[in-house]
Amino acid sequence: MRQSKLFTKTKKEAPADEVSKNAELLIRGGFVHKEMAGVYSYLPLGLRVLRKIENIIREEMNSVGGQEVLMSSFQPKENWEKTGRWEGMDDLYKVGDSSDRFVALGPTHEEIVVPILKNYVSSYKDFPVAVYQIQNKFRMELRAKSGMLRGREFIMKDMYSFHTSQEDLEKFYENMKGVYKNIFSRAGIGHLTYLTFASGGTFSKYSHEFQTVTGAGEDTIYLDENSAIAVNKEVYNDEVLQSLGLDKAKLKETKAIEVGNIFDLKTKYSQPFDLTFTDEKGEKHVILMGCYGIGLGRLMGTVVEALADDKGIVWPQSVAPFTLHLLALGDDETVTAEANKVYESLVKAGVEVLFDDRAGMSAGEKFSDADLLGMPFRAVVSARSLKENGIELKKRTEEKGKIVTLDELLKILNEKSA
RNA sequence: CGGGCUGUAGUAUACCGGUAGUACAAGUGCUUUGGGAGCAUUUAGACUGGGUUCAAUUCCCAGCAGCCCGACCA
C-alpha cells in the first residue's frame with residue numbers, strides 16, 4: 001500500500017487523555033481512533049493487525065474442531081432472567097426501545113449459545129461439540145482504562161464446548177491450554193505469557209488465565225519461572241500453593257495482563273436452559289460446558305505494551321500490518337523511479353509492503369514514522385543506496401542495516417513470510 | 001460504585017468580571033531532504049445548563065466528559 005494514499009497520518013504528540021503506552025502508540029500511529037473512554041474504532045493499519053490476530057485464533061480454534069458462528073449482540077431479556085444475570089451482572093448493558101421492551105447487549109454469549117444448541121442437539125451422539133465466534137462485546141465498565149486493555153466495547157473470541165462427561169470436558173479443556181499457548185506464541189508474546197491459576201467463581205476450583213508479563217498489567221501474579229506456572233493474587237494463599245506444588249520462596253511477584261481465560265462451567269448455564277442429552281440407555285443428563293475467551297483488542301494492546309521500545313511499536317511478523325516498510329528518501333526523480341520499481345516488484349512477489357512514497361517529507365520524518373509504525377523490516381531507497389547499487393534493509397529491532405539487491409530482498413522476505 | 005483531580009484551538013499553555021494571546025501541531029505555497037528542516041501564509045478555542053451580576057470564559061451550583069486510586073471483572 002502506498003502511504004501517500006493512506007488517509008490516516010501519524011501524530012507527533014501523544015494524546016492528552018491517554019497515559020497507557022498501548023493507546024498512545026496505537027493512536028499516534030493511526031491504528032485506532034478513540035471514540036470515548038474504552039471505545040475505539042479500528043483504522044486501516046489497526047484493522048490489518050486485528051485481522052491477522054483473528055486469523056491466528058481462527059486457525060487454532062478450527063484445529064480443535066471449533067465451529068464458527070456469529071451470534072447476535074441483542075439478546076433476549078428472558079434468557080438473562082433465566083440465568084439470574086439480568087439483575088446479577090453489574091456491567092450488563094440493558095437497551096430499551098420505544099415500546100418499553102428491554103434487551104441485553106451481549107457481554108458474553110452463554111445465554112444465546114445454549115438455547116441455540118438446545119434446538120439442535122439431544123443425543124450423546126451429538127457430542128462433544130465446540131462453537132466459537134469472534135465478535136464485539138459490550139460491558140458497562142465503570143472504569144474503562146489502560147487504552148485497549150479494558151474497554152466497554154471490545155472484540156472477543158468466545159468458544160463454548162459441550163460434553164457428556166466431566167472426563168471429556170477435562171480432556172478438551174486440557175487440550176485448550178495447549179491451543180492457547182500456540183496462539184500467544186504465534187502472536188509473538190509466548191515467551192512472556194504464563195498459564196495462571198485464577199478464581200473459578202462459585203462453580204469450579206480454578207479457572208485458568210493466560211497472563212502476559214508487562215509492567216502495564218492490571219493483575220498481580222506470582223510466577224514460578226521453572227514450571228512456567230503462575231498464581232493470580234486473587235487465589236494466592238498457602239493452601240493453594242501447596243495443592244499446586246509450588247514453593248513460595250521461588251515465586252516472583254509481577255504485574256501481568258490477562259490475555260486469555262478458560263473456564264470449566266460444568267452445568268452452570270446448561271442447567272437453567274435444560275440442555276440435556278440422552279445416553280445409550282435412554283437416560284437424560286445435563287450437558288457439561290467449558291468456555292474459552294480471548295480479547296483481540298486487548299491482545300493487540302498487549303503486544304504493543306510488551307514489545308514496543310522508546311521509538312515506537314515493534315510488531316512481530318505474524319501480526320504486523322505489513323512485513324516491510326519501504327521508504328523513498330528525497331524527491332529526486334531517479335530515487336522515485338527506482339523506489340517505485342522496487343515497490344512493484346515486492347507487490348508482485350506477494351510481499352505485504354507499506355510504501356512511504358510521500359513527497360516533500362524529510363528523511364528524519366520518514367524514519368521516525370517507520371519506527372513508530374513498527375513494521376518488522378524497513379527498506380530504504382535513496383541517493384545513497386543507489387550509489388551503493390542496492391536497497392538498505394534493516395530490521396525494526398536492529399540499529400544498522402545492510403545493502404542488499406532486489407533479489408536478495410525478495411529472498412529474505414519470502415523466507416520470513418513462509 | 002466509593003474517593004481524588006481536571007475541563008480555554010489537535011497539543012501545551014497565558015491573561016482576564018468588560019467575548020481570548022502565544023508556541024507547537026495541522027492546511028496551502030516555495031525552498032529543503034539520511035533522524036521530526038526553513039520562510040511565508042491560512043485554519044482553529046472557553047464542555048453543557050442554571051444562578052449571581054449592568055456584564056460570566058472568569059465567581060457559585062448542577063450536569064456531562066476525561067484521567068488517576070480503589071472496588072468490581074465468565
# chains A, B, ... in the order shown; residues from 1 in each chain; ligands from 1

call {"tool": "interface_residues", "arguments": {"of": "chain A", "to": "chain B", "cutoff": "10 Å", "atoms": "only C-alpha atoms (C1' of nucleotides)", "output": "VMD selection string"}}
result
chain A and resid 11 to 19 36 to 37 90 to 91 107 to 110 139 141 to 143 145 150 200 to 201 207 261 to 265 291 to 293 329 to 332 360 to 369 380 382 to 384

call {"tool": "select_by_dssp", "arguments": {"residues": "stretch 93-130 of chain A", "states": "strand (DSSP E)", "output": "list of chain:residue names"}}
result
A:Tyr93, A:Lys94, A:Val95, A:Gly96, A:Phe102, A:Val103, A:Ala104, A:Leu105, A:Val129, A:Ala130

call {"tool": "residues_around", "arguments": {"residues": "B:C39", "least_positions_apart": "5", "cutoff": "12 Å", "atoms": "only C-alpha atoms (C1' of nucleotides)", "output": "list in words"}}
result
G29, C30, U31 and U32 of chain B

call {"tool": "residues_around", "arguments": {"residues": "A:Ile27", "least_positions_apart": "2", "cutoff": "12 Å", "atoms": "only C-alpha atoms (C1' of nucleotides)", "output": "PyMOL selection string"}}
result
chain A and resi 8-25+29-35+40-43+45-46+147-148+301+304+312-313+372-373

call {"tool": "closest_residue", "arguments": {"among": "A:Ala249, A:Ile294, A:Leu413, A:Ile112", "to": "A:Phe210", "atoms": "only C-alpha atoms"}}
result
A:Ile294

call {"tool": "select_by_dssp", "arguments": {"residues": "stretch 187-384 of chain A", "states": "helix (DSSP H, G or I)", "output": "number ranges by chain"}}
result
A: 190-192, 233-235, 238-244, 248-250, 296-307, 333-348, 363-373, 383-384

call {"tool": "residues_around", "arguments": {"residues": "stretch 230-239 of chain A", "least_positions_apart": "2", "cutoff": "9 Å", "atoms": "only C-alpha atoms (C1' of nucleotides)", "output": "PyMOL selection string"}}
result
chain A and resi 194-199+206+209+211+219-225+227-228+241-244+248+251-253

call {"tool": "write_last_selection", "arguments": {"atoms": "N, CA and C atoms", "output": "PDB file, in the first residue's frame"}}
result
ATOM      1  N   TYR A 194       2.111 -16.734  30.610  1.00  0.00           N
ATOM      2  CA  TYR A 194       2.127 -17.880  31.517  1.00  0.00           C
ATOM      3  C   TYR A 194       0.726 -18.349  31.875  1.00  0.00           C
ATOM      4  N   LEU A 195       0.611 -19.647  31.939  1.00  0.00           N
ATOM      5  CA  LEU A 195      -0.621 -20.244  32.435  1.00  0.00           C
ATOM      6  C   LEU A 195      -0.749 -19.882  33.925  1.00  0.00           C
ATOM      7  N   THR A 196      -1.909 -19.354  34.283  1.00  0.00           N
ATOM      8  CA  THR A 196      -2.070 -18.815  35.629  1.00  0.00           C
ATOM      9  C   THR A 196      -3.336 -19.352  36.277  1.00  0.00           C
ATOM     10  N   PHE A 197      -3.188 -19.810  37.490  1.00  0.00           N
ATOM     11  CA  PHE A 197      -4.366 -20.279  38.225  1.00  0.00           C
ATOM     12  C   PHE A 197      -5.100 -19.081  38.783  1.00  0.00           C
ATOM     13  N   ALA A 198      -6.400 -19.055  38.541  1.00  0.00           N
ATOM     14  CA  ALA A 198      -7.198 -17.915  38.988  1.00  0.00           C
ATOM     15  C   ALA A 198      -8.515 -18.427  39.549  1.00  0.00           C
ATOM     16  N   SER A 199      -9.267 -17.507  40.064  1.00  0.00           N
ATOM     17  CA  SER A 199     -10.530 -17.859  40.689  1.00  0.00           C
ATOM     18  C   SER A 199     -11.473 -18.526  39.696  1.00  0.00           C
ATOM     19  N   TYR A 206     -10.732 -23.691  40.143  1.00  0.00           N
ATOM     20  CA  TYR A 206      -9.912 -22.691  39.470  1.00  0.00           C
ATOM     21  C   TYR A 206     -10.461 -22.430  38.090  1.00  0.00           C
ATOM     22  N   GLU A 209      -6.019 -18.612  33.546  1.00  0.00           N
ATOM     23  CA  GLU A 209      -5.790 -17.405  32.770  1.00  0.00           C
ATOM     24  C   GLU A 209      -4.453 -17.529  32.064  1.00  0.00           C
ATOM     25  N   GLN A 211      -1.527 -15.072  31.319  1.00  0.00           N
ATOM     26  CA  GLN A 211      -1.082 -13.759  31.763  1.00  0.00           C
ATOM     27  C   GLN A 211       0.234 -13.408  31.084  1.00  0.00           C
ATOM     28  N   ASP A 219      -3.185  -7.036  36.543  1.00  0.00           N
ATOM     29  CA  ASP A 219      -3.248  -8.127  37.510  1.00  0.00           C
ATOM     30  C   ASP A 219      -1.886  -8.340  38.155  1.00  0.00           C
ATOM     31  N   THR A 220      -1.937  -8.846  39.363  1.00  0.00           N
ATOM     32  CA  THR A 220      -0.706  -9.242  40.033  1.00  0.00           C
ATOM     33  C   THR A 220      -0.674 -10.759  40.084  1.00  0.00           C
ATOM     34  N   ILE A 221       0.430 -11.327  39.618  1.00  0.00           N
ATOM     35  CA  ILE A 221       0.553 -12.781  39.644  1.00  0.00           C
ATOM     36  C   ILE A 221       1.849 -13.170  40.344  1.00  0.00           C
ATOM     37  N   TYR A 222       1.886 -14.406  40.810  1.00  0.00           N
ATOM     38  CA  TYR A 222       3.084 -14.953  41.439  1.00  0.00           C
ATOM     39  C   TYR A 222       3.582 -16.053  40.529  1.00  0.00           C
ATOM     40  N   LEU A 223       4.752 -15.820  39.986  1.00  0.00           N
ATOM     41  CA  LEU A 223       5.238 -16.633  38.877  1.00  0.00           C
ATOM     42  C   LEU A 223       6.353 -17.580  39.320  1.00  0.00           C
ATOM     43  N   ASP A 224       6.193 -18.836  38.929  1.00  0.00           N
ATOM     44  CA  ASP A 224       7.268 -19.804  39.125  1.00  0.00           C
ATOM     45  C   ASP A 224       7.915 -20.029  37.766  1.00  0.00           C
ATOM     46  N   GLU A 225       9.114 -19.486  37.589  1.00  0.00           N
ATOM     47  CA  GLU A 225       9.711 -19.489  36.255  1.00  0.00           C
ATOM     48  C   GLU A 225      10.120 -20.885  35.789  1.00  0.00           C
ATOM     49  N   SER A 227       8.555 -23.871  36.306  1.00  0.00           N
ATOM     50  CA  SER A 227       7.439 -24.629  35.759  1.00  0.00           C
ATOM     51  C   SER A 227       6.606 -23.786  34.799  1.00  0.00           C
ATOM     52  N   ALA A 228       6.936 -22.485  34.685  1.00  0.00           N
ATOM     53  CA  ALA A 228       6.181 -21.568  33.825  1.00  0.00           C
ATOM     54  C   ALA A 228       4.717 -21.533  34.220  1.00  0.00           C
ATOM     55  N   LEU A 241      -0.994 -22.817  47.094  1.00  0.00           N
ATOM     56  CA  LEU A 241       0.381 -23.088  46.666  1.00  0.00           C
ATOM     57  C   LEU A 241       0.746 -24.533  46.916  1.00  0.00           C
ATOM     58  N   GLN A 242       0.330 -25.021  48.059  1.00  0.00           N
ATOM     59  CA  GLN A 242       0.648 -26.403  48.410  1.00  0.00           C
ATOM     60  C   GLN A 242      -0.028 -27.374  47.444  1.00  0.00           C
ATOM     61  N   SER A 243      -1.297 -27.107  47.157  1.00  0.00           N
ATOM     62  CA  SER A 243      -2.020 -28.026  46.276  1.00  0.00           C
ATOM     63  C   SER A 243      -1.449 -28.011  44.861  1.00  0.00           C
ATOM     64  N   LEU A 244      -0.802 -26.907  44.488  1.00  0.00           N
ATOM     65  CA  LEU A 244      -0.200 -26.835  43.157  1.00  0.00           C
ATOM     66  C   LEU A 244       1.267 -27.241  43.176  1.00  0.00           C
ATOM     67  N   LYS A 248       6.773 -21.268  47.740  1.00  0.00           N
ATOM     68  CA  LYS A 248       6.534 -19.840  47.932  1.00  0.00           C
ATOM     69  C   LYS A 248       7.803 -19.008  47.737  1.00  0.00           C
ATOM     70  N   LEU A 251       8.699 -18.000  44.125  1.00  0.00           N
ATOM     71  CA  LEU A 251       7.742 -17.259  43.302  1.00  0.00           C
ATOM     72  C   LEU A 251       8.142 -15.796  43.185  1.00  0.00           C
ATOM     73  N   LYS A 252       7.896 -15.273  42.011  1.00  0.00           N
ATOM     74  CA  LYS A 252       8.222 -13.871  41.741  1.00  0.00           C
ATOM     75  C   LYS A 252       6.916 -13.104  41.547  1.00  0.00           C
ATOM     76  N   GLU A 253       6.763 -12.032  42.294  1.00  0.00           N
ATOM     77  CA  GLU A 253       5.546 -11.217  42.124  1.00  0.00           C
ATOM     78  C   GLU A 253       5.737 -10.286  40.941  1.00  0.00           C
TER      79      GLU A 253
END

call {"tool": "atom_distance", "arguments": {"atom1": "atom CA of A:Phe273", "atom2": "atom CA of A:Gly84"}}
result
11.7 Å

call {"tool": "residues_around", "arguments": {"residues": "A:Arg101", "least_positions_apart": "4", "cutoff": "10 Å", "atoms": "only C-alpha atoms (C1' of nucleotides)", "output": "JSON, numbers by chain"}}
result
{"A": [76, 77, 94, 95, 96, 97]}

call {"tool": "residues_around", "arguments": {"residues": "B:A46", "least_positions_apart": "3", "cutoff": "12 Å", "atoms": "only C-alpha atoms (C1' of nucleotides)", "output": "list in words"}}
result
G7, U8, A9, C16, U19, A20, A56, U57 and U58 of chain B

call {"tool": "atom_distance", "arguments": {"atom1": "atom CA of A:Lys311", "atom2": "atom CA of A:Leu6"}}
result
21.5 Å
